[in-house]
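Note: the block below is query_18.txt and it holds compact mmCIF, C-alpha atoms.
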```
# COMPACT_ATOMS: atom_id res chain seq x y z
CA MET A 23 71.87 82.95 111.76
CA THR A 24 75.59 83.65 111.78
CA ASP A 25 77.77 82.46 108.94
CA ARG A 26 81.51 82.74 109.49
CA LEU A 27 83.01 83.55 106.10
CA LEU A 28 86.67 83.97 106.97
CA VAL A 29 89.11 83.54 109.82
CA TYR A 30 92.52 84.76 108.72
CA ARG A 31 95.65 85.50 110.74
CA PHE A 32 98.65 87.14 109.12
CA ALA A 33 101.86 88.93 110.05
CA ALA A 34 101.45 92.69 110.32
CA GLN A 35 103.68 93.42 107.35
CA ALA A 36 102.98 95.31 104.15
CA GLU A 37 104.05 92.38 101.99
CA GLN A 38 101.30 90.22 103.53
CA LEU A 39 98.45 92.48 102.46
CA ALA A 40 98.08 91.10 98.93
CA ALA A 41 97.46 87.57 100.24
CA MET A 42 94.98 88.91 102.80
CA ARG A 43 93.07 90.76 100.08
CA GLN A 44 92.95 87.62 97.94
CA ALA A 45 91.58 85.53 100.82
CA LEU A 46 89.02 88.23 101.57
CA ARG A 47 87.91 88.51 97.94
CA GLU A 48 87.36 84.77 97.80
CA ALA A 49 85.40 84.78 101.07
CA LEU A 50 83.15 87.58 99.82
CA GLN A 51 82.17 85.78 96.64
CA THR A 52 79.19 84.20 98.35
CA VAL A 53 77.81 87.55 99.54
CA PRO A 54 75.05 89.02 97.40
CA ALA A 55 76.58 92.31 96.32
CA SER A 56 78.01 94.02 93.29
CA GLU A 57 81.64 93.61 92.29
CA LYS A 58 82.22 97.29 93.07
CA GLN A 59 80.78 96.85 96.56
CA ARG A 60 83.07 93.89 97.22
CA ASP A 61 86.03 95.92 95.95
CA ASP A 62 85.08 98.71 98.35
CA TRP A 63 84.93 96.35 101.32
CA VAL A 64 88.33 94.91 100.43
CA LEU A 65 89.71 98.45 100.18
CA ALA A 66 88.31 99.41 103.58
CA VAL A 67 89.66 96.30 105.31
CA ASN A 68 93.03 96.82 103.63
CA GLU A 69 93.13 100.44 104.81
CA ALA A 70 92.34 99.36 108.35
CA CYS A 71 95.15 96.78 108.21
CA MET A 72 97.51 99.43 106.86
CA ASN A 73 96.70 101.62 109.84
CA ILE A 74 97.42 98.76 112.23
CA ILE A 75 100.77 98.07 110.54
CA GLN A 76 101.82 101.72 110.31
CA HIS A 77 100.32 103.31 113.40
CA ALA A 78 99.65 100.54 115.94
CA TYR A 79 102.55 98.13 115.52
CA ARG A 80 104.79 100.79 113.94
CA GLN A 81 108.18 99.11 113.59
CA HIS A 82 107.31 96.13 115.79
CA SER A 83 106.31 92.67 114.67
CA GLY A 84 102.94 91.16 115.46
CA ALA A 85 99.88 89.53 114.02
CA ILE A 86 96.53 90.71 112.72
CA ASP A 87 93.43 88.56 113.07
CA LEU A 88 90.68 89.15 110.54
CA GLN A 89 87.25 87.61 110.91
CA VAL A 90 84.37 88.11 108.53
CA GLN A 91 80.88 87.05 109.52
CA ARG A 92 77.52 87.34 107.91
CA LYS A 93 74.80 87.75 110.48
CA ASP A 94 71.29 88.03 109.07
CA LEU A 95 71.42 91.12 106.85
CA HIS A 96 74.71 92.41 108.21
CA LEU A 97 78.28 91.75 107.24
CA TRP A 98 80.82 92.12 110.05
CA PHE A 99 84.53 92.63 109.62
CA GLU A 100 86.55 92.31 112.83
CA LEU A 101 90.24 93.13 113.08
CA ARG A 102 92.22 92.40 116.22
CA ASP A 103 95.85 93.12 117.01
CA GLN A 104 98.12 92.90 120.05
CA ALA A 105 99.75 96.29 119.58
CA PRO A 106 99.72 98.94 122.30
CA ALA A 107 96.25 100.41 122.66
CA ILE A 108 95.70 103.37 120.37
CA ASP A 109 94.01 106.63 121.34
CA THR A 110 90.77 106.25 119.41
CA GLY A 111 89.91 109.89 120.07
CA ARG A 112 92.64 110.88 117.64
CA LEU A 113 91.20 108.75 114.84
CA GLN A 114 89.34 111.29 112.76
CA PRO A 115 89.12 111.42 108.96
CA ARG A 116 90.86 114.50 107.63
CA ASP A 117 89.35 117.35 105.65
CA LEU A 118 89.46 116.34 101.97
CA GLU A 119 89.46 119.96 100.86
CA GLN A 120 93.18 119.88 101.58
CA ILE A 121 94.91 118.33 98.59
CA ARG A 122 97.81 116.52 100.17
CA PRO A 123 99.19 113.00 100.31
CA GLY A 124 98.29 110.78 103.24
CA GLY A 125 95.44 110.57 105.71
CA LEU A 126 92.90 109.10 103.30
CA GLY A 127 92.56 105.67 104.87
CA LEU A 128 90.08 106.59 107.60
CA HIS A 129 88.02 108.57 105.11
CA PHE A 130 87.78 105.47 102.91
CA ILE A 131 86.76 103.29 105.85
CA TYR A 132 84.03 105.65 107.06
CA SER A 133 82.76 106.24 103.52
CA ILE A 134 82.45 102.55 102.71
CA MET A 135 81.28 101.01 105.97
CA ASP A 136 77.88 101.65 107.55
CA GLU A 137 79.24 101.37 111.07
CA VAL A 138 82.76 101.58 112.47
CA ARG A 139 83.56 100.86 116.13
CA PHE A 140 86.82 100.73 118.01
CA ILE A 141 86.52 98.45 121.02
CA PRO A 142 89.20 99.03 123.68
CA ASP A 143 90.78 96.04 125.32
CA PRO A 144 90.37 96.26 129.12
CA SER A 145 93.97 95.10 129.55
CA GLY A 146 95.26 98.10 127.59
CA ARG A 147 97.03 95.79 125.19
CA GLY A 148 95.61 95.20 121.77
CA ASN A 149 92.94 96.82 119.66
CA CYS A 150 89.73 95.64 118.10
CA LEU A 151 88.03 97.30 115.16
CA VAL A 152 84.59 96.20 114.04
CA MET A 153 83.18 97.40 110.75
CA GLN A 154 79.67 96.61 109.63
CA VAL A 155 77.82 96.72 106.35
CA ASP A 156 74.06 96.59 105.95
CA LEU A 157 73.53 94.05 103.19
CA GLN A 158 69.92 95.00 102.57
CA GLU A 159 71.01 98.52 101.74
CA THR A 160 73.91 97.23 99.69
CA HIS A 161 71.79 94.84 97.69
CA SER A 162 69.32 97.52 96.71
CA THR A 163 71.98 99.95 95.42
CA MET B 4 103.11 95.74 90.80
CA SER B 5 105.49 96.44 87.97
CA TYR B 6 106.24 99.57 86.05
CA GLU B 7 107.81 100.84 82.88
CA VAL B 8 108.78 104.32 81.76
CA ARG B 9 108.57 105.38 78.14
CA LEU B 10 108.93 108.72 76.40
CA GLU B 11 105.96 109.69 74.32
CA LYS B 12 104.72 113.00 72.99
CA GLY B 13 107.16 114.97 75.15
CA TYR B 14 106.09 113.19 78.34
CA ALA B 15 107.68 110.60 80.54
CA VAL B 16 104.87 108.05 80.70
CA VAL B 17 105.01 105.89 83.82
CA GLY B 18 102.98 102.76 83.19
CA LEU B 19 101.96 101.02 86.41
CA SER B 20 100.42 97.57 86.42
CA GLY B 21 99.08 95.18 89.01
CA GLU B 22 98.39 96.11 92.62
CA VAL B 23 99.70 99.44 93.92
CA ASP B 24 99.54 98.91 97.66
CA LEU B 25 101.47 99.77 100.81
CA TYR B 26 104.19 97.29 99.88
CA LYS B 27 104.64 98.43 96.30
CA SER B 28 103.68 102.09 96.31
CA PRO B 29 107.18 103.22 97.43
CA ASP B 30 108.43 101.94 94.05
CA ALA B 31 105.70 103.84 92.21
CA ARG B 32 106.42 106.97 94.22
CA ALA B 33 110.14 106.75 93.53
CA VAL B 34 109.80 106.41 89.76
CA ILE B 35 107.16 109.15 89.49
CA LEU B 36 109.18 111.61 91.55
CA LYS B 37 112.37 110.74 89.67
CA CYS B 38 110.75 111.61 86.34
CA ILE B 39 109.57 114.95 87.69
CA GLY B 40 112.88 115.54 89.45
CA ASP B 41 114.57 115.05 86.09
CA GLY B 42 112.46 117.92 84.77
CA GLN B 43 110.12 115.81 82.66
CA HIS B 44 106.44 116.44 82.06
CA THR B 45 104.90 113.25 83.42
CA LEU B 46 101.87 111.10 82.81
CA VAL B 47 100.99 108.05 84.90
CA ASP B 48 99.24 105.32 82.96
CA LEU B 49 96.80 103.52 85.28
CA SER B 50 95.07 101.41 82.64
CA GLN B 51 96.68 98.18 83.92
CA VAL B 52 96.20 98.85 87.63
CA ASP B 53 94.03 96.20 89.29
CA TYR B 54 94.11 97.70 92.75
CA ILE B 55 95.30 100.92 94.35
CA ASP B 56 95.06 101.94 98.00
CA SER B 57 95.53 105.23 99.81
CA SER B 58 99.31 104.87 99.77
CA GLY B 59 99.25 104.60 95.97
CA VAL B 60 96.94 107.60 95.73
CA ALA B 61 99.29 109.53 98.02
CA SER B 62 102.13 108.86 95.56
CA LEU B 63 100.05 110.35 92.76
CA VAL B 64 99.17 113.42 94.85
CA GLU B 65 102.82 113.89 95.69
CA GLY B 66 103.68 113.73 91.99
CA LEU B 67 101.03 116.30 91.15
CA GLN B 68 102.28 118.68 93.82
CA MET B 69 105.93 118.29 92.86
CA ALA B 70 105.10 118.85 89.20
CA ARG B 71 103.16 122.01 90.03
CA ASP B 72 106.02 123.27 92.17
CA ASN B 73 108.35 122.78 89.22
CA SER B 74 105.97 124.17 86.56
CA LEU B 75 105.71 120.79 84.88
CA SER B 76 102.67 119.04 83.48
CA PHE B 77 101.30 116.02 85.32
CA GLY B 78 98.29 113.87 84.59
CA LEU B 79 96.76 110.42 84.68
CA VAL B 80 96.08 108.31 81.61
CA GLY B 81 93.55 105.56 80.95
CA VAL B 82 92.46 105.32 84.57
CA SER B 83 91.03 101.85 85.20
CA ASN B 84 87.57 101.53 86.74
CA THR B 85 89.12 100.24 89.95
CA ALA B 86 91.50 103.18 90.23
CA MET B 87 88.78 105.67 89.30
CA ASN B 88 86.57 104.33 92.07
CA VAL B 89 89.32 105.03 94.59
CA LEU B 90 90.05 108.49 93.15
CA LYS B 91 86.35 109.32 93.46
CA LEU B 92 86.28 108.11 97.06
CA ALA B 93 89.20 110.46 97.75
CA ARG B 94 87.41 113.21 95.80
CA LEU B 95 90.48 113.54 93.64
CA ASP B 96 88.87 112.69 90.31
CA LYS B 97 88.38 116.42 89.64
CA VAL B 98 91.84 117.35 90.90
CA PHE B 99 94.05 115.34 88.55
CA PRO B 100 94.11 116.10 84.83
CA LEU B 101 92.69 112.87 83.33
CA TYR B 102 93.26 111.71 79.75
CA ALA B 103 91.87 108.72 77.92
CA SER B 104 95.21 108.19 76.23
CA VAL B 105 98.64 109.77 75.85
CA GLU B 106 97.54 110.96 72.42
CA SER B 107 94.71 112.97 73.97
CA ALA B 108 97.02 114.76 76.43
CA PRO B 109 97.90 118.34 75.48
CA ALA B 110 101.16 118.95 73.65
CA THR B 111 104.02 119.89 75.94
CA SER B 112 105.71 123.23 75.43
```
Would you write the structure of this file as structure tokens?
Amino acid sequence: MTDRLLVYRFAAQAEQLAAMRQALREALQTVPASEKQRDDWVLAVNEACMNIIQHAYRQHSGAIDLQVQRKDLHLWFELRDQAPAIDTGRLQPRDLEQIRPGGLGLHFIYSIMDEVRFIPDPSGRGNCLVMQVDLQETHST
Amino acid sequence: MSYEVRLEKGYAVVGLSGEVDLYKSPDARAVILKCIGDGQHTLVDLSQVDYIDSSGVASLVEGLQMARDNSLSFGLVGVSNTAMNVLKLARLDKVFPLYASVESAPATS
């Protein structure tokens, strides 16, 4: 059974992130998980949105569509944008042994989520990121 | 996010509160780097921080590096559970000097 927890569209601007996080927190209240786990999911989604704003849209305006679904024992977070397609081959978390500012977002996402997939748009316009969490694993930790 | 700067025990103590995110972290970065640029030993009080993302963490890392380059002390005070969780994810919890309070920070020379 699929339960759609959130459908949220917002402008790809830094000042919109706080409202997105609030909507996401509220949507996640019904999910059986610890407060820390919910905080982690919000962090990961926020980091993904930051990447869209900073590296996909860059200085251009656009929208971000966030959908959150619970499907059986999985939680799906889907982010879509209409920015130029990004080169997913370049999206690699950096080595944390280097103490330097920046580049932590992807590390957070991969650390928190059980599965991360970039789905290219056949038209070459727009990007789709799907992140998945295994709730059974989450609930037992 | 809001901030205040106070002088305590020879440190400039930057107290951040609220959500330190992509929108607000430039303000945090600016005030932290200004304190260090002014030649002050600096502590950042994170006890009132409800949320911090990678951009906020980057501001702290930049402060640490600038302080080291200028032979100044830099540390974090009263790190909230939320902020500590993010520091641990970034594996930076062992990199920053952490103090429970300003009083427990070492005396400045």
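Of the listed residues (B:Leu79, B:Asp56, B:Ala93, B:Gly66), B:Ala93 comes nearest to Ser133 of chain A; the distances count all atoms listed in the file.
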May I have the residues at most 8 Å from (106.7, 116.4, 79.6) in the file's coordinates, counting all atoms listed in the file, as a PyMOL selection string?
chain B and resi 12-15+42-46+75-77+111
List every residue of chain B that has an atom at most 6 Å from any atom of chain A, giving for each one its closest atom pair and the distance in Å to one decimal, counting only C-alpha atoms, sorted by chain and then by ascending residue number, as JSON lines.
```
{"residue": "B:Leu25", "atom": "CA", "partner": "A:Ala36", "partner_atom": "CA", "distance": 5.8}
{"residue": "B:Tyr26", "atom": "CA", "partner": "A:Ala36", "partner_atom": "CA", "distance": 4.9}
{"residue": "B:Ser57", "atom": "CA", "partner": "A:Leu126", "partner_atom": "CA", "distance": 5.8}
{"residue": "B:Ala61", "atom": "CA", "partner": "A:Pro123", "partner_atom": "CA", "distance": 4.2}
{"residue": "B:Val64", "atom": "CA", "partner": "A:Pro123", "partner_atom": "CA", "distance": 5.5}
{"residue": "B:Glu65", "atom": "CA", "partner": "A:Pro123", "partner_atom": "CA", "distance": 5.9}
```
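As for atom CA of Leu101 of chain B and atom CA of Ile55 of chain B, they are spaced 16.5 Å apart.
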Atom CA of Val155 of chain A and atom CA of Gln89 of chain A, how far apart in Å?
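Computed distance, atom CA of Gln89 of chain A to atom CA of Val155 of chain A, equals 13.9 Å.
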May I have the residues within 7 Å of Lys93 of chain A as a PyMOL selection string, using all atoms listed in the file and disregarding those fewer than 4 positions away in the same chain?
chain A and resi 23-25+97
How about completing segment 7-40 of chain B with N, CA and C atoms and giving it to me as a PDB file, in the frame of the given file?
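Saved the output as part34.pdb:
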```pdb
ATOM      1  N   GLU B   7     106.893 100.534  83.978  1.00  0.00           N
ATOM      2  CA  GLU B   7     107.810 100.840  82.880  1.00  0.00           C
ATOM      3  C   GLU B   7     107.721 102.337  82.636  1.00  0.00           C
ATOM      4  N   VAL B   8     108.776 102.896  82.122  1.00  0.00           N
ATOM      5  CA  VAL B   8     108.780 104.320  81.760  1.00  0.00           C
ATOM      6  C   VAL B   8     109.121 104.436  80.290  1.00  0.00           C
ATOM      7  N   ARG B   9     108.299 105.147  79.546  1.00  0.00           N
ATOM      8  CA  ARG B   9     108.570 105.380  78.140  1.00  0.00           C
ATOM      9  C   ARG B   9     108.412 106.867  77.850  1.00  0.00           C
ATOM     10  N   LEU B  10     109.059 107.321  76.816  1.00  0.00           N
ATOM     11  CA  LEU B  10     108.930 108.720  76.400  1.00  0.00           C
ATOM     12  C   LEU B  10     107.971 108.771  75.235  1.00  0.00           C
ATOM     13  N   GLU B  11     106.977 109.606  75.366  1.00  0.00           N
ATOM     14  CA  GLU B  11     105.960 109.690  74.320  1.00  0.00           C
ATOM     15  C   GLU B  11     105.371 111.090  74.327  1.00  0.00           C
ATOM     16  N   LYS B  12     105.350 111.696  73.188  1.00  0.00           N
ATOM     17  CA  LYS B  12     104.720 113.000  72.990  1.00  0.00           C
ATOM     18  C   LYS B  12     105.270 114.050  73.973  1.00  0.00           C
ATOM     19  N   GLY B  13     106.538 113.979  74.267  1.00  0.00           N
ATOM     20  CA  GLY B  13     107.160 114.970  75.150  1.00  0.00           C
ATOM     21  C   GLY B  13     106.962 114.684  76.627  1.00  0.00           C
ATOM     22  N   TYR B  14     106.326 113.565  76.938  1.00  0.00           N
ATOM     23  CA  TYR B  14     106.090 113.190  78.340  1.00  0.00           C
ATOM     24  C   TYR B  14     106.925 111.962  78.716  1.00  0.00           C
ATOM     25  N   ALA B  15     107.279 111.886  79.975  1.00  0.00           N
ATOM     26  CA  ALA B  15     107.680 110.600  80.540  1.00  0.00           C
ATOM     27  C   ALA B  15     106.380 109.925  80.957  1.00  0.00           C
ATOM     28  N   VAL B  16     106.114 108.766  80.374  1.00  0.00           N
ATOM     29  CA  VAL B  16     104.870 108.050  80.700  1.00  0.00           C
ATOM     30  C   VAL B  16     105.219 106.874  81.603  1.00  0.00           C
ATOM     31  N   VAL B  17     104.753 106.953  82.844  1.00  0.00           N
ATOM     32  CA  VAL B  17     105.010 105.890  83.820  1.00  0.00           C
ATOM     33  C   VAL B  17     103.818 104.934  83.772  1.00  0.00           C
ATOM     34  N   GLY B  18     104.045 103.753  83.263  1.00  0.00           N
ATOM     35  CA  GLY B  18     102.980 102.760  83.190  1.00  0.00           C
ATOM     36  C   GLY B  18     103.034 101.836  84.395  1.00  0.00           C
ATOM     37  N   LEU B  19     102.029 101.912  85.242  1.00  0.00           N
ATOM     38  CA  LEU B  19     101.960 101.020  86.410  1.00  0.00           C
ATOM     39  C   LEU B  19     101.030  99.865  86.085  1.00  0.00           C
ATOM     40  N   SER B  20     101.329  98.694  86.617  1.00  0.00           N
ATOM     41  CA  SER B  20     100.420  97.570  86.420  1.00  0.00           C
ATOM     42  C   SER B  20     100.386  96.701  87.667  1.00  0.00           C
ATOM     43  N   GLY B  21      99.244  96.052  87.846  1.00  0.00           N
ATOM     44  CA  GLY B  21      99.080  95.180  89.010  1.00  0.00           C
ATOM     45  C   GLY B  21      98.493  95.923  90.190  1.00  0.00           C
ATOM     46  N   GLU B  22      98.948  95.569  91.385  1.00  0.00           N
ATOM     47  CA  GLU B  22      98.390  96.110  92.620  1.00  0.00           C
ATOM     48  C   GLU B  22      99.336  97.142  93.243  1.00  0.00           C
ATOM     49  N   VAL B  23      98.883  98.365  93.344  1.00  0.00           N
ATOM     50  CA  VAL B  23      99.700  99.440  93.920  1.00  0.00           C
ATOM     51  C   VAL B  23      99.267  99.605  95.374  1.00  0.00           C
ATOM     52  N   ASP B  24      99.941  98.888  96.249  1.00  0.00           N
ATOM     53  CA  ASP B  24      99.540  98.910  97.660  1.00  0.00           C
ATOM     54  C   ASP B  24     100.670  99.385  98.553  1.00  0.00           C
ATOM     55  N   LEU B  25     100.486  99.254  99.849  1.00  0.00           N
ATOM     56  CA  LEU B  25     101.470  99.770 100.810  1.00  0.00           C
ATOM     57  C   LEU B  25     102.854  99.185 100.572  1.00  0.00           C
ATOM     58  N   TYR B  26     102.908  97.948 100.109  1.00  0.00           N
ATOM     59  CA  TYR B  26     104.190  97.290  99.880  1.00  0.00           C
ATOM     60  C   TYR B  26     104.874  97.813  98.624  1.00  0.00           C
ATOM     61  N   LYS B  27     104.071  98.078  97.599  1.00  0.00           N
ATOM     62  CA  LYS B  27     104.640  98.430  96.300  1.00  0.00           C
ATOM     63  C   LYS B  27     104.613  99.916  95.971  1.00  0.00           C
ATOM     64  N   SER B  28     103.785 100.670  96.671  1.00  0.00           N
ATOM     65  CA  SER B  28     103.680 102.090  96.310  1.00  0.00           C
ATOM     66  C   SER B  28     104.988 102.876  96.477  1.00  0.00           C
ATOM     67  N   PRO B  29     105.899 102.482  97.388  1.00  0.00           N
ATOM     68  CA  PRO B  29     107.180 103.220  97.430  1.00  0.00           C
ATOM     69  C   PRO B  29     107.919 103.163  96.089  1.00  0.00           C
ATOM     70  N   ASP B  30     107.793 102.042  95.369  1.00  0.00           N
ATOM     71  CA  ASP B  30     108.430 101.940  94.050  1.00  0.00           C
ATOM     72  C   ASP B  30     107.765 102.896  93.066  1.00  0.00           C
ATOM     73  N   ALA B  31     106.431 102.935  93.102  1.00  0.00           N
ATOM     74  CA  ALA B  31     105.700 103.840  92.210  1.00  0.00           C
ATOM     75  C   ALA B  31     106.060 105.287  92.526  1.00  0.00           C
ATOM     76  N   ARG B  32     106.086 105.612  93.804  1.00  0.00           N
ATOM     77  CA  ARG B  32     106.420 106.970  94.220  1.00  0.00           C
ATOM     78  C   ARG B  32     107.805 107.364  93.723  1.00  0.00           C
ATOM     79  N   ALA B  33     108.757 106.447  93.892  1.00  0.00           N
ATOM     80  CA  ALA B  33     110.140 106.750  93.530  1.00  0.00           C
ATOM     81  C   ALA B  33     110.268 107.034  92.034  1.00  0.00           C
ATOM     82  N   VAL B  34     109.634 106.226  91.213  1.00  0.00           N
ATOM     83  CA  VAL B  34     109.800 106.410  89.760  1.00  0.00           C
ATOM     84  C   VAL B  34     109.068 107.672  89.291  1.00  0.00           C
ATOM     85  N   ILE B  35     107.902 107.940  89.864  1.00  0.00           N
ATOM     86  CA  ILE B  35     107.160 109.150  89.490  1.00  0.00           C
ATOM     87  C   ILE B  35     107.957 110.398  89.873  1.00  0.00           C
ATOM     88  N   LEU B  36     108.452 110.427  91.097  1.00  0.00           N
ATOM     89  CA  LEU B  36     109.180 111.610  91.550  1.00  0.00           C
ATOM     90  C   LEU B  36     110.515 111.762  90.827  1.00  0.00           C
ATOM     91  N   LYS B  37     111.108 110.646  90.408  1.00  0.00           N
ATOM     92  CA  LYS B  37     112.370 110.740  89.670  1.00  0.00           C
ATOM     93  C   LYS B  37     112.129 111.407  88.303  1.00  0.00           C
ATOM     94  N   CYS B  38     111.056 111.007  87.646  1.00  0.00           N
ATOM     95  CA  CYS B  38     110.750 111.610  86.340  1.00  0.00           C
ATOM     96  C   CYS B  38     110.578 113.117  86.492  1.00  0.00           C
ATOM     97  N   ILE B  39     109.824 113.516  87.482  1.00  0.00           N
ATOM     98  CA  ILE B  39     109.570 114.950  87.690  1.00  0.00           C
ATOM     99  C   ILE B  39     110.859 115.650  88.136  1.00  0.00           C
ATOM    100  N   GLY B  40     111.604 114.973  89.004  1.00  0.00           N
ATOM    101  CA  GLY B  40     112.880 115.540  89.450  1.00  0.00           C
ATOM    102  C   GLY B  40     113.860 115.730  88.313  1.00  0.00           C
TER     103      GLY B  40
END
```
